[in-house]
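For reference, the structure is listed below as structure tokens.
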Amino acid sequence: MRPSRIFVRFVVLTPDPDSGHRQGLFIAMSNLNRRGALMAREQAVWNDLQAWFDLHLERPDRFARAGRAHAKKAALCWFKPDATEHIAGMRKIAVILEAHGHHVEMIRSDRPGYIVHEDEHQIAAEPFRDTLT
């Protein structure tokens, strides 16, 4: 039996209208950015972090177990425990969000759900009913 791994996800309290689960930090930051709420220094940090993640984090190719073209995209992304640079980048994003009044939580789970995508640094999983998201 394979030993369990603890996966990490960063969220804000705001529910995502598509998934119904708490929003991840990339969506929350994109919303702040779109509203023009970031100060110049925060904008520079966000731009640098976006560029870094674009180079070092694969975009999942699936967000649903079903192979249908219009299947509900219910999967959430979780970092693997050894993705330390990625997690450090998320902590930098959390600092900006918290400065704008968002409560950021890092949640951990050894049961993130049905895995629909996996790469070196992350998984995307459709959560089980009892998965804290």
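Letters A, B, ... go to the chains of the structure tokens in the order shown; residues in each chain start at 1; ligands are counted from 1 in the same order.
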
So which residues of range 73-116 of chain A fall under strand (DSSP E) by DSSP, listed as JSON, numbers by chain?
-> {"A": [76, 77, 78, 79, 104, 105, 106, 107, 108, 109, 114, 115, 116]}

Counting only C-alpha atoms, what is within 10 Å of range 96-109 of chain A, bar same-chain residues fewer than 2 positions away, as a ChimeraX atom specification?
-> /A:4-14,22-25,28-29,32,37-39,41-43,45-46,78-79,81,87,90-94,111-113,131-133

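Using only C-alpha atoms, the shortest contact distance between Leu55 in chain A and any of A:Asn31, A:His86, A:Phe128, A:Leu76 is found at A:His86.
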
Running DSSP on the backbone, which parts of range 2-81 of chain A land in alpha helix (DSSP H), as a ChimeraX atom specification?
-> /A:25-34,40-56

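Remark: for Gln50 in chain A, the closest of the candidate residues A:Pro15, A:Gly20, A:Gly89, A:Gly36 is A:Gly89 (distances computed over only C-alpha atoms).
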
Excluding same-chain residues fewer than 2 positions from Asp61 in chain A, what lies within 10 Å of it counting only C-alpha atoms, as a VMD selection string?
-> chain A and resid 58 to 59 63 to 64 116 to 118 124

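Our summary of the geometry notes that CA of Ile115 in chain A is positioned 15.9 Å from CA of Ser19 in chain A.
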
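Here the question is which of A:Ala74, A:Val95, A:Glu85, A:Pro60 gets nearest to His21 in chain A using only C-alpha atoms, and that residue is A:Ala74.
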
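Rounded to one decimal, CA of Asn33 in chain A and CA of Cys77 in chain A lie 21.1 Å from each other.
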
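If only C-alpha atoms are the atoms counted, then among A:Ala88, A:Arg62, A:Arg35, A:Phe26 the closest residue to Asn47 in chain A is A:Phe26.
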
Of the residues A:Phe53, A:His121, A:Ala40, A:Asp48, which is the one nearest to Lys80 in chain A, using only C-alpha atoms?
-> A:His121
